[in-house]
Every structure is written in C-alpha cells, then in structure tokens.
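Student: mmCIF, N, CA and C atoms, saved as model_12.cif, coming up:
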data_input
loop_
_atom_site.label_atom_id
_atom_site.label_comp_id
_atom_site.auth_asym_id
_atom_site.auth_seq_id
_atom_site.Cartn_x
_atom_site.Cartn_y
_atom_site.Cartn_z
N MET A 1 98.86 -120.76 -76.97
CA MET A 1 100.30 -120.80 -76.90
C MET A 1 100.90 -121.15 -78.27
N LEU A 2 100.22 -122.00 -79.03
CA LEU A 2 100.71 -122.35 -80.35
C LEU A 2 100.67 -121.15 -81.30
N VAL A 3 99.61 -120.34 -81.17
CA VAL A 3 99.50 -119.14 -82.00
C VAL A 3 100.63 -118.17 -81.67
N THR A 4 100.94 -118.04 -80.40
CA THR A 4 102.03 -117.16 -79.98
C THR A 4 103.37 -117.66 -80.50
N LEU A 5 103.57 -118.97 -80.47
CA LEU A 5 104.79 -119.55 -81.01
C LEU A 5 104.90 -119.27 -82.51
N LEU A 6 103.81 -119.44 -83.24
CA LEU A 6 103.81 -119.18 -84.68
C LEU A 6 104.03 -117.70 -84.99
N LEU A 7 103.47 -116.82 -84.17
CA LEU A 7 103.71 -115.38 -84.35
C LEU A 7 105.19 -115.05 -84.12
N GLY A 8 105.79 -115.69 -83.13
CA GLY A 8 107.22 -115.48 -82.87
C GLY A 8 108.08 -115.98 -84.01
N ILE A 9 107.74 -117.15 -84.57
CA ILE A 9 108.49 -117.68 -85.71
C ILE A 9 108.37 -116.73 -86.90
N ALA A 10 107.17 -116.23 -87.14
CA ALA A 10 106.98 -115.29 -88.25
C ALA A 10 107.77 -114.00 -88.04
N ALA A 11 107.82 -113.52 -86.80
CA ALA A 11 108.57 -112.29 -86.51
C ALA A 11 110.07 -112.51 -86.71
N GLY A 12 110.60 -113.62 -86.24
CA GLY A 12 112.03 -113.89 -86.41
C GLY A 12 112.40 -114.13 -87.85
N TRP A 13 111.56 -114.84 -88.58
CA TRP A 13 111.85 -115.14 -89.99
C TRP A 13 111.70 -113.89 -90.86
N GLY A 14 110.74 -113.03 -90.54
CA GLY A 14 110.47 -111.87 -91.38
C GLY A 14 111.36 -110.67 -91.14
N ALA A 15 112.24 -110.73 -90.16
CA ALA A 15 113.09 -109.57 -89.86
C ALA A 15 113.99 -109.21 -91.02
N GLY A 16 114.51 -110.19 -91.72
CA GLY A 16 115.37 -109.91 -92.86
C GLY A 16 114.63 -109.25 -94.02
N PHE A 17 113.36 -109.59 -94.16
CA PHE A 17 112.56 -109.02 -95.24
C PHE A 17 112.03 -107.63 -94.90
N ALA A 18 111.96 -107.30 -93.63
CA ALA A 18 111.38 -106.04 -93.20
C ALA A 18 112.39 -104.91 -93.09
N GLU A 19 113.65 -105.19 -93.34
CA GLU A 19 114.69 -104.17 -93.15
C GLU A 19 114.48 -102.94 -94.02
N GLU A 20 114.16 -103.14 -95.28
CA GLU A 20 113.97 -102.00 -96.19
C GLU A 20 112.80 -101.12 -95.73
N HIS A 21 111.72 -101.75 -95.30
CA HIS A 21 110.55 -101.00 -94.87
C HIS A 21 110.82 -100.23 -93.58
N VAL A 22 111.53 -100.87 -92.67
CA VAL A 22 111.87 -100.20 -91.41
C VAL A 22 112.83 -99.04 -91.67
N GLN A 23 113.78 -99.23 -92.58
CA GLN A 23 114.70 -98.15 -92.91
C GLN A 23 113.94 -96.96 -93.48
N ARG A 24 112.99 -97.22 -94.36
CA ARG A 24 112.21 -96.14 -94.95
C ARG A 24 111.39 -95.42 -93.88
N LEU A 25 110.85 -96.17 -92.91
CA LEU A 25 110.06 -95.57 -91.85
C LEU A 25 110.91 -94.77 -90.86
N ILE A 26 112.18 -95.12 -90.74
CA ILE A 26 113.07 -94.42 -89.81
C ILE A 26 113.70 -93.19 -90.45
N VAL A 27 114.17 -93.33 -91.69
CA VAL A 27 114.97 -92.29 -92.33
C VAL A 27 114.15 -91.03 -92.59
N LYS A 28 112.96 -91.16 -93.12
CA LYS A 28 112.17 -89.97 -93.48
C LYS A 28 111.73 -89.15 -92.27
N PRO A 29 111.09 -89.75 -91.26
CA PRO A 29 110.63 -88.91 -90.13
C PRO A 29 111.76 -88.32 -89.30
N LEU A 30 112.87 -89.04 -89.17
CA LEU A 30 113.97 -88.54 -88.34
C LEU A 30 114.97 -87.70 -89.11
N SER A 31 114.81 -87.59 -90.43
CA SER A 31 115.69 -86.79 -91.29
C SER A 31 117.16 -87.15 -91.12
N ILE A 32 117.44 -88.45 -91.20
CA ILE A 32 118.82 -88.90 -91.13
C ILE A 32 119.17 -89.60 -92.44
N GLU A 33 120.46 -89.75 -92.67
CA GLU A 33 120.91 -90.41 -93.89
C GLU A 33 120.81 -91.92 -93.73
N ALA A 34 120.45 -92.60 -94.80
CA ALA A 34 120.29 -94.05 -94.76
C ALA A 34 121.62 -94.75 -94.51
N GLN A 35 122.72 -94.15 -94.95
CA GLN A 35 124.02 -94.78 -94.78
C GLN A 35 124.52 -94.70 -93.33
N SER A 36 123.94 -93.86 -92.51
CA SER A 36 124.39 -93.73 -91.13
C SER A 36 123.91 -94.88 -90.26
N ILE A 37 122.95 -95.66 -90.73
CA ILE A 37 122.46 -96.81 -89.98
C ILE A 37 123.21 -98.05 -90.46
N THR A 38 123.90 -98.72 -89.55
CA THR A 38 124.65 -99.92 -89.93
C THR A 38 123.68 -101.08 -90.16
N PRO A 39 124.08 -102.07 -90.94
CA PRO A 39 123.19 -103.22 -91.20
C PRO A 39 122.79 -103.98 -89.94
N VAL A 40 123.70 -104.05 -88.97
CA VAL A 40 123.37 -104.75 -87.72
C VAL A 40 122.30 -103.99 -86.96
N GLU A 41 122.43 -102.67 -86.91
CA GLU A 41 121.41 -101.86 -86.24
C GLU A 41 120.07 -101.99 -86.95
N LEU A 42 120.11 -101.98 -88.27
CA LEU A 42 118.88 -102.07 -89.04
C LEU A 42 118.20 -103.41 -88.83
N ARG A 43 118.97 -104.49 -88.82
CA ARG A 43 118.39 -105.81 -88.59
C ARG A 43 117.82 -105.92 -87.19
N SER A 44 118.51 -105.37 -86.20
CA SER A 44 118.01 -105.45 -84.82
C SER A 44 116.78 -104.58 -84.62
N ILE A 45 116.72 -103.43 -85.26
CA ILE A 45 115.52 -102.59 -85.17
C ILE A 45 114.35 -103.28 -85.84
N ALA A 46 114.58 -103.90 -86.99
CA ALA A 46 113.51 -104.63 -87.68
C ALA A 46 113.03 -105.80 -86.83
N LEU A 47 113.95 -106.54 -86.22
CA LEU A 47 113.57 -107.67 -85.38
C LEU A 47 112.79 -107.20 -84.15
N ALA A 48 113.26 -106.14 -83.51
CA ALA A 48 112.56 -105.63 -82.33
C ALA A 48 111.16 -105.13 -82.69
N THR A 49 111.02 -104.49 -83.84
CA THR A 49 109.72 -104.00 -84.28
C THR A 49 108.77 -105.16 -84.54
N LEU A 50 109.25 -106.19 -85.22
CA LEU A 50 108.39 -107.33 -85.51
C LEU A 50 108.05 -108.13 -84.26
N VAL A 51 108.97 -108.24 -83.32
CA VAL A 51 108.67 -108.92 -82.06
C VAL A 51 107.62 -108.14 -81.29
N PHE A 52 107.73 -106.82 -81.28
CA PHE A 52 106.72 -106.00 -80.62
C PHE A 52 105.35 -106.19 -81.26
N LEU A 53 105.29 -106.17 -82.58
CA LEU A 53 104.02 -106.37 -83.27
C LEU A 53 103.47 -107.77 -83.03
N ALA A 54 104.34 -108.78 -82.97
CA ALA A 54 103.89 -110.14 -82.66
C ALA A 54 103.36 -110.23 -81.23
N ALA A 55 103.99 -109.53 -80.31
CA ALA A 55 103.50 -109.53 -78.93
C ALA A 55 102.14 -108.87 -78.82
N VAL A 56 101.95 -107.77 -79.53
CA VAL A 56 100.64 -107.10 -79.53
C VAL A 56 99.59 -108.00 -80.17
N ALA A 57 99.93 -108.63 -81.29
CA ALA A 57 98.97 -109.54 -81.93
C ALA A 57 98.66 -110.73 -81.03
N SER A 58 99.64 -111.23 -80.33
CA SER A 58 99.41 -112.33 -79.39
C SER A 58 98.52 -111.89 -78.24
N TRP A 59 98.71 -110.69 -77.79
CA TRP A 59 97.89 -110.16 -76.70
C TRP A 59 96.44 -110.00 -77.15
N ILE A 60 96.23 -109.63 -78.41
CA ILE A 60 94.88 -109.41 -78.92
C ILE A 60 94.20 -110.73 -79.30
N PHE A 61 94.89 -111.59 -80.03
CA PHE A 61 94.26 -112.76 -80.64
C PHE A 61 94.47 -114.07 -79.89
N ALA A 62 95.44 -114.16 -79.02
CA ALA A 62 95.74 -115.43 -78.36
C ALA A 62 96.11 -115.17 -76.90
N THR A 63 96.47 -116.23 -76.24
CA THR A 63 96.94 -116.10 -74.87
C THR A 63 98.40 -115.67 -74.90
N PRO A 64 98.71 -114.48 -74.39
CA PRO A 64 100.10 -114.02 -74.45
C PRO A 64 101.00 -114.88 -73.56
N ASN A 65 102.08 -115.34 -74.12
CA ASN A 65 103.02 -116.18 -73.41
C ASN A 65 104.42 -115.77 -73.86
N ALA A 66 105.17 -115.20 -72.96
CA ALA A 66 106.49 -114.67 -73.31
C ALA A 66 107.47 -115.77 -73.70
N VAL A 67 107.36 -116.93 -73.05
CA VAL A 67 108.28 -118.02 -73.36
C VAL A 67 108.04 -118.54 -74.77
N ALA A 68 106.78 -118.74 -75.12
CA ALA A 68 106.45 -119.22 -76.47
C ALA A 68 106.85 -118.19 -77.52
N LEU A 69 106.64 -116.92 -77.24
CA LEU A 69 107.03 -115.88 -78.19
C LEU A 69 108.55 -115.83 -78.35
N GLY A 70 109.28 -115.89 -77.25
CA GLY A 70 110.74 -115.88 -77.32
C GLY A 70 111.30 -117.10 -78.03
N LEU A 71 110.74 -118.27 -77.75
CA LEU A 71 111.17 -119.49 -78.42
C LEU A 71 110.86 -119.43 -79.91
N GLY A 72 109.70 -118.88 -80.25
CA GLY A 72 109.33 -118.73 -81.65
C GLY A 72 110.26 -117.79 -82.39
N VAL A 73 110.62 -116.69 -81.77
CA VAL A 73 111.56 -115.75 -82.40
C VAL A 73 112.92 -116.41 -82.59
N LEU A 74 113.36 -117.13 -81.59
CA LEU A 74 114.64 -117.83 -81.71
C LEU A 74 114.62 -118.84 -82.85
N LEU A 75 113.55 -119.61 -82.95
CA LEU A 75 113.42 -120.57 -84.05
C LEU A 75 113.33 -119.86 -85.39
N GLY A 76 112.60 -118.75 -85.43
CA GLY A 76 112.46 -118.01 -86.67
C GLY A 76 113.76 -117.41 -87.17
N VAL A 77 114.62 -117.02 -86.25
CA VAL A 77 115.91 -116.45 -86.64
C VAL A 77 116.89 -117.56 -87.02
N LEU A 78 116.87 -118.66 -86.28
CA LEU A 78 117.85 -119.71 -86.51
C LEU A 78 117.49 -120.66 -87.64
N PHE A 79 116.22 -120.87 -87.92
CA PHE A 79 115.82 -121.86 -88.91
C PHE A 79 116.40 -121.60 -90.30
N PRO A 80 116.35 -120.37 -90.84
CA PRO A 80 116.96 -120.17 -92.17
C PRO A 80 118.47 -120.44 -92.18
N ARG A 81 119.16 -120.11 -91.10
CA ARG A 81 120.60 -120.35 -91.05
C ARG A 81 120.92 -121.83 -90.92
N LEU A 82 120.12 -122.55 -90.15
CA LEU A 82 120.31 -123.99 -90.04
C LEU A 82 120.02 -124.68 -91.36
N ARG A 83 119.01 -124.21 -92.06
CA ARG A 83 118.68 -124.78 -93.37
C ARG A 83 119.83 -124.56 -94.35
N GLU A 84 120.46 -123.38 -94.30
CA GLU A 84 121.61 -123.11 -95.17
C GLU A 84 122.80 -124.01 -94.81
N LEU A 85 123.01 -124.27 -93.51
CA LEU A 85 124.11 -125.15 -93.10
C LEU A 85 123.87 -126.58 -93.59
N VAL A 86 122.64 -127.06 -93.48
CA VAL A 86 122.33 -128.41 -93.95
C VAL A 86 122.49 -128.50 -95.46
N LYS A 87 122.05 -127.47 -96.16
CA LYS A 87 122.18 -127.46 -97.62
C LYS A 87 123.65 -127.42 -98.03
N ALA A 88 124.47 -126.65 -97.32
CA ALA A 88 125.89 -126.58 -97.63
C ALA A 88 126.59 -127.89 -97.29
N ALA A 89 126.14 -128.59 -96.26
CA ALA A 89 126.76 -129.86 -95.90
C ALA A 89 126.46 -130.94 -96.93
N ARG A 90 125.29 -130.85 -97.57
CA ARG A 90 124.93 -131.84 -98.58
C ARG A 90 125.64 -131.60 -99.90
N ALA A 91 125.99 -130.36 -100.18
CA ALA A 91 126.63 -130.04 -101.46
C ALA A 91 128.11 -130.43 -101.39
N PRO A 92 128.61 -131.13 -102.38
CA PRO A 92 130.03 -131.50 -102.35
C PRO A 92 130.91 -130.29 -102.62
N ASP A 93 132.07 -130.28 -102.00
CA ASP A 93 133.03 -129.19 -102.16
C ASP A 93 134.09 -129.66 -103.16
N TYR A 94 133.99 -129.19 -104.38
CA TYR A 94 134.91 -129.62 -105.42
C TYR A 94 136.23 -128.84 -105.42
N ASP A 95 136.30 -127.77 -104.64
CA ASP A 95 137.51 -126.96 -104.59
C ASP A 95 138.59 -127.59 -103.72
N ALA A 96 138.19 -128.45 -102.80
CA ALA A 96 139.16 -129.02 -101.85
C ALA A 96 139.97 -130.13 -102.45
#
Could you render the structure from this file as structure tokens?
Tutor:
Amino acid sequence: MLVTLLLGIAAGWGAGFAEEHVQRLIVKPLSIEAQSITPVELRSIALATLVFLAAVASWIFATPNAVALGLGVLLGVLFPRLRELVKAARAPDYDA
C-alpha cells in the first residue's frame, strides 16, 4: 500500500513535467495542431496518463489499492501548490 501511495504521489507531482512529452505523443500520431489543445486539457491528459501508468505499475509491483493511489495523486497534485502558498506567506509583501 505504501508503494502504491508513492506511485500516486509521483504521478500527481510529475503531471506538470510530462505535458510536453504527452503533447508530442498526441500531436504527431493524430495529425492535429499543438495550439488546438488547451493547457487544461493537456494537463488533464498528462495526469490521466501518469495515473494509468502508476496503476499498472502498482498492479505489477505492489498490492493494487485504489484508495492509496487516489490519495497519493491528490497529495502529489496539491503538495507543490501548498508549498508555494507557505513560501508566499513567509515572504513579506513590501507593496502593501
């Protein structure tokens, strides 16, 4: 279950980094323009692809657990944003 949680965290965290690769894999075979895919669609396709790959890896290497995978993905997506909020709260706002 811990391995599945870690795979979910990696999938959620890596979605932002995988966007360019997913776009390249989608645009060439489907012969569509890169500008026709909105950033939200691209991020969601990248996240869904990585969650699928994490589920397959969990099925092969660990005990598959949907709750642990879902919780890991949620933590992986939210952790960078929470870290940015904490960092912004610590930085003084000199403009105010």
Student: Just say which residues the PyMOL selection byres ((chain A and resi 14-26) around 7) picks in this file, as a ChimeraX atom specification.
Tutor: /A:9-13,27-32,42-43,45-47,50,76
Student: Pick from A:Leu5, A:Leu85, A:Leu53, A:Ala34: nearest to Gly70 in chain A, with all atoms listed in the file counted?
Tutor: A:Leu5
Student: Would you mind reading off the distance between CA of Leu78 in chain A and atom C of Ala54 in chain A, one decimal, in Å?
Tutor: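 Going from CA of Leu78 in chain A over to atom C of Ala54 in chain A, I get 18.1 Å.
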Student: Could you tell me which residues the PyMOL selection byres (((chain A and resi 67 and name CA) around 12) and name CA) grabs in this file, written as a VMD selection string?
Tutor: chain A and resid 1 to 2 4 to 5 8 55 63 to 66 68 to 74
Student: Quick check, in Å to one decimal: how far apart do CA of Ala88 in chain A and CA of Pro39 in chain A lie?
Tutor: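 Going from CA of Ala88 in chain A over to CA of Pro39 in chain A, I get 24.4 Å.
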Student: One number please: CA of Val51 in chain A to CA of Arg81 in chain A, in Å, one decimal.
Tutor: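 Taking CA of Val51 in chain A as the start and CA of Arg81 in chain A as the end point, the length is 18.8 Å.
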Student: Considering only helix (DSSP H, G or I) as DSSP defines it on the backbone, what residues of range 15-89 of chain A qualify? List them as a compact mmCIF listing (two decimals) with N, CA and C atoms, in the frame of the given file.
Tutor:
# COMPACT_ATOMS: atom_id res chain seq x y z
N GLU A 19 113.65 -105.19 -93.34
CA GLU A 19 114.69 -104.17 -93.15
C GLU A 19 114.48 -102.94 -94.02
N GLU A 20 114.16 -103.14 -95.28
CA GLU A 20 113.97 -102.00 -96.19
C GLU A 20 112.80 -101.12 -95.73
N HIS A 21 111.72 -101.75 -95.30
CA HIS A 21 110.55 -101.00 -94.87
C HIS A 21 110.82 -100.23 -93.58
N VAL A 22 111.53 -100.87 -92.67
CA VAL A 22 111.87 -100.20 -91.41
C VAL A 22 112.83 -99.04 -91.67
N GLN A 23 113.78 -99.23 -92.58
CA GLN A 23 114.70 -98.15 -92.91
C GLN A 23 113.94 -96.96 -93.48
N ARG A 24 112.99 -97.22 -94.36
CA ARG A 24 112.21 -96.14 -94.95
C ARG A 24 111.39 -95.42 -93.88
N LEU A 25 110.85 -96.17 -92.91
CA LEU A 25 110.06 -95.57 -91.85
C LEU A 25 110.91 -94.77 -90.86
N ILE A 26 112.18 -95.12 -90.74
CA ILE A 26 113.07 -94.42 -89.81
C ILE A 26 113.70 -93.19 -90.45
N VAL A 27 114.17 -93.33 -91.69
CA VAL A 27 114.97 -92.29 -92.33
C VAL A 27 114.15 -91.03 -92.59
N LYS A 28 112.96 -91.16 -93.12
CA LYS A 28 112.17 -89.97 -93.48
C LYS A 28 111.73 -89.15 -92.27
N PRO A 29 111.09 -89.75 -91.26
CA PRO A 29 110.63 -88.91 -90.13
C PRO A 29 111.76 -88.32 -89.30
N LEU A 30 112.87 -89.04 -89.17
CA LEU A 30 113.97 -88.54 -88.34
C LEU A 30 114.97 -87.70 -89.11
N ALA A 34 120.45 -92.60 -94.80
CA ALA A 34 120.29 -94.05 -94.76
C ALA A 34 121.62 -94.75 -94.51
N GLN A 35 122.72 -94.15 -94.95
CA GLN A 35 124.02 -94.78 -94.78
C GLN A 35 124.52 -94.70 -93.33
N SER A 36 123.94 -93.86 -92.51
CA SER A 36 124.39 -93.73 -91.13
C SER A 36 123.91 -94.88 -90.26
N PRO A 39 124.08 -102.07 -90.94
CA PRO A 39 123.19 -103.22 -91.20
C PRO A 39 122.79 -103.98 -89.94
N VAL A 40 123.70 -104.05 -88.97
CA VAL A 40 123.37 -104.75 -87.72
C VAL A 40 122.30 -103.99 -86.96
N GLU A 41 122.43 -102.67 -86.91
CA GLU A 41 121.41 -101.86 -86.24
C GLU A 41 120.07 -101.99 -86.95
N LEU A 42 120.11 -101.98 -88.27
CA LEU A 42 118.88 -102.07 -89.04
C LEU A 42 118.20 -103.41 -88.83
N ARG A 43 118.97 -104.49 -88.82
CA ARG A 43 118.39 -105.81 -88.59
C ARG A 43 117.82 -105.92 -87.19
N SER A 44 118.51 -105.37 -86.20
CA SER A 44 118.01 -105.45 -84.82
C SER A 44 116.78 -104.58 -84.62
N ILE A 45 116.72 -103.43 -85.26
CA ILE A 45 115.52 -102.59 -85.17
C ILE A 45 114.35 -103.28 -85.84
N ALA A 46 114.58 -103.90 -86.99
CA ALA A 46 113.51 -104.63 -87.68
C ALA A 46 113.03 -105.80 -86.83
N LEU A 47 113.95 -106.54 -86.22
CA LEU A 47 113.57 -107.67 -85.38
C LEU A 47 112.79 -107.20 -84.15
N ALA A 48 113.26 -106.14 -83.51
CA ALA A 48 112.56 -105.63 -82.33
C ALA A 48 111.16 -105.13 -82.69
N THR A 49 111.02 -104.49 -83.84
CA THR A 49 109.72 -104.00 -84.28
C THR A 49 108.77 -105.16 -84.54
N LEU A 50 109.25 -106.19 -85.22
CA LEU A 50 108.39 -107.33 -85.51
C LEU A 50 108.05 -108.13 -84.26
N VAL A 51 108.97 -108.24 -83.32
CA VAL A 51 108.67 -108.92 -82.06
C VAL A 51 107.62 -108.14 -81.29
N PHE A 52 107.73 -106.82 -81.28
CA PHE A 52 106.72 -106.00 -80.62
C PHE A 52 105.35 -106.19 -81.26
N LEU A 53 105.29 -106.17 -82.58
CA LEU A 53 104.02 -106.37 -83.27
C LEU A 53 103.47 -107.77 -83.03
N ALA A 54 104.34 -108.78 -82.97
CA ALA A 54 103.89 -110.14 -82.66
C ALA A 54 103.36 -110.23 -81.23
N ALA A 55 103.99 -109.53 -80.31
CA ALA A 55 103.50 -109.53 -78.93
C ALA A 55 102.14 -108.87 -78.82
N VAL A 56 101.95 -107.77 -79.53
CA VAL A 56 100.64 -107.10 -79.53
C VAL A 56 99.59 -108.00 -80.17
N ALA A 57 99.93 -108.63 -81.29
CA ALA A 57 98.97 -109.54 -81.93
C ALA A 57 98.66 -110.73 -81.03
N SER A 58 99.64 -111.23 -80.33
CA SER A 58 99.41 -112.33 -79.39
C SER A 58 98.52 -111.89 -78.24
N TRP A 59 98.71 -110.69 -77.79
CA TRP A 59 97.89 -110.16 -76.70
C TRP A 59 96.44 -110.00 -77.15
N ILE A 60 96.23 -109.63 -78.41
CA ILE A 60 94.88 -109.41 -78.92
C ILE A 60 94.20 -110.73 -79.30
N PHE A 61 94.89 -111.59 -80.03
CA PHE A 61 94.26 -112.76 -80.64
C PHE A 61 94.47 -114.07 -79.89
N ALA A 66 105.17 -115.20 -72.96
CA ALA A 66 106.49 -114.67 -73.31
C ALA A 66 107.47 -115.77 -73.70
N VAL A 67 107.36 -116.93 -73.05
CA VAL A 67 108.28 -118.02 -73.36
C VAL A 67 108.04 -118.54 -74.77
N ALA A 68 106.78 -118.74 -75.12
CA ALA A 68 106.45 -119.22 -76.47
C ALA A 68 106.85 -118.19 -77.52
N LEU A 69 106.64 -116.92 -77.24
CA LEU A 69 107.03 -115.88 -78.19
C LEU A 69 108.55 -115.83 -78.35
N GLY A 70 109.28 -115.89 -77.25
CA GLY A 70 110.74 -115.88 -77.32
C GLY A 70 111.30 -117.10 -78.03
N LEU A 71 110.74 -118.27 -77.75
CA LEU A 71 111.17 -119.49 -78.42
C LEU A 71 110.86 -119.43 -79.91
N GLY A 72 109.70 -118.88 -80.25
CA GLY A 72 109.33 -118.73 -81.65
C GLY A 72 110.26 -117.79 -82.39
N VAL A 73 110.62 -116.69 -81.77
CA VAL A 73 111.56 -115.75 -82.40
C VAL A 73 112.92 -116.41 -82.59
N LEU A 74 113.36 -117.13 -81.59
CA LEU A 74 114.64 -117.83 -81.71
C LEU A 74 114.62 -118.84 -82.85
N LEU A 75 113.55 -119.61 -82.95
CA LEU A 75 113.42 -120.57 -84.05
C LEU A 75 113.33 -119.86 -85.39
N GLY A 76 112.60 -118.75 -85.43
CA GLY A 76 112.46 -118.01 -86.67
C GLY A 76 113.76 -117.41 -87.17
N VAL A 77 114.62 -117.02 -86.25
CA VAL A 77 115.91 -116.45 -86.64
C VAL A 77 116.89 -117.56 -87.02
N LEU A 78 116.87 -118.66 -86.28
CA LEU A 78 117.85 -119.71 -86.51
C LEU A 78 117.49 -120.66 -87.64
N PHE A 79 116.22 -120.87 -87.92
CA PHE A 79 115.82 -121.86 -88.91
C PHE A 79 116.40 -121.60 -90.30
N PRO A 80 116.35 -120.37 -90.84
CA PRO A 80 116.96 -120.17 -92.17
C PRO A 80 118.47 -120.44 -92.18
N ARG A 81 119.16 -120.11 -91.10
CA ARG A 81 120.60 -120.35 -91.05
C ARG A 81 120.92 -121.83 -90.92
N LEU A 82 120.12 -122.55 -90.15
CA LEU A 82 120.31 -123.99 -90.04
C LEU A 82 120.02 -124.68 -91.36
N ARG A 83 119.01 -124.21 -92.06
CA ARG A 83 118.68 -124.78 -93.37
C ARG A 83 119.83 -124.56 -94.35
N GLU A 84 120.46 -123.38 -94.30
CA GLU A 84 121.61 -123.11 -95.17
C GLU A 84 122.80 -124.01 -94.81
N LEU A 85 123.01 -124.27 -93.51
CA LEU A 85 124.11 -125.15 -93.10
C LEU A 85 123.87 -126.58 -93.59
N VAL A 86 122.64 -127.06 -93.48
CA VAL A 86 122.33 -128.41 -93.95
C VAL A 86 122.49 -128.50 -95.46
N LYS A 87 122.05 -127.47 -96.16
CA LYS A 87 122.18 -127.46 -97.62
C LYS A 87 123.65 -127.42 -98.03
N ALA A 88 124.47 -126.65 -97.32
CA ALA A 88 125.89 -126.58 -97.63
C ALA A 88 126.59 -127.89 -97.29
N ALA A 89 126.14 -128.59 -96.26
CA ALA A 89 126.76 -129.86 -95.90
C ALA A 89 126.46 -130.94 -96.93
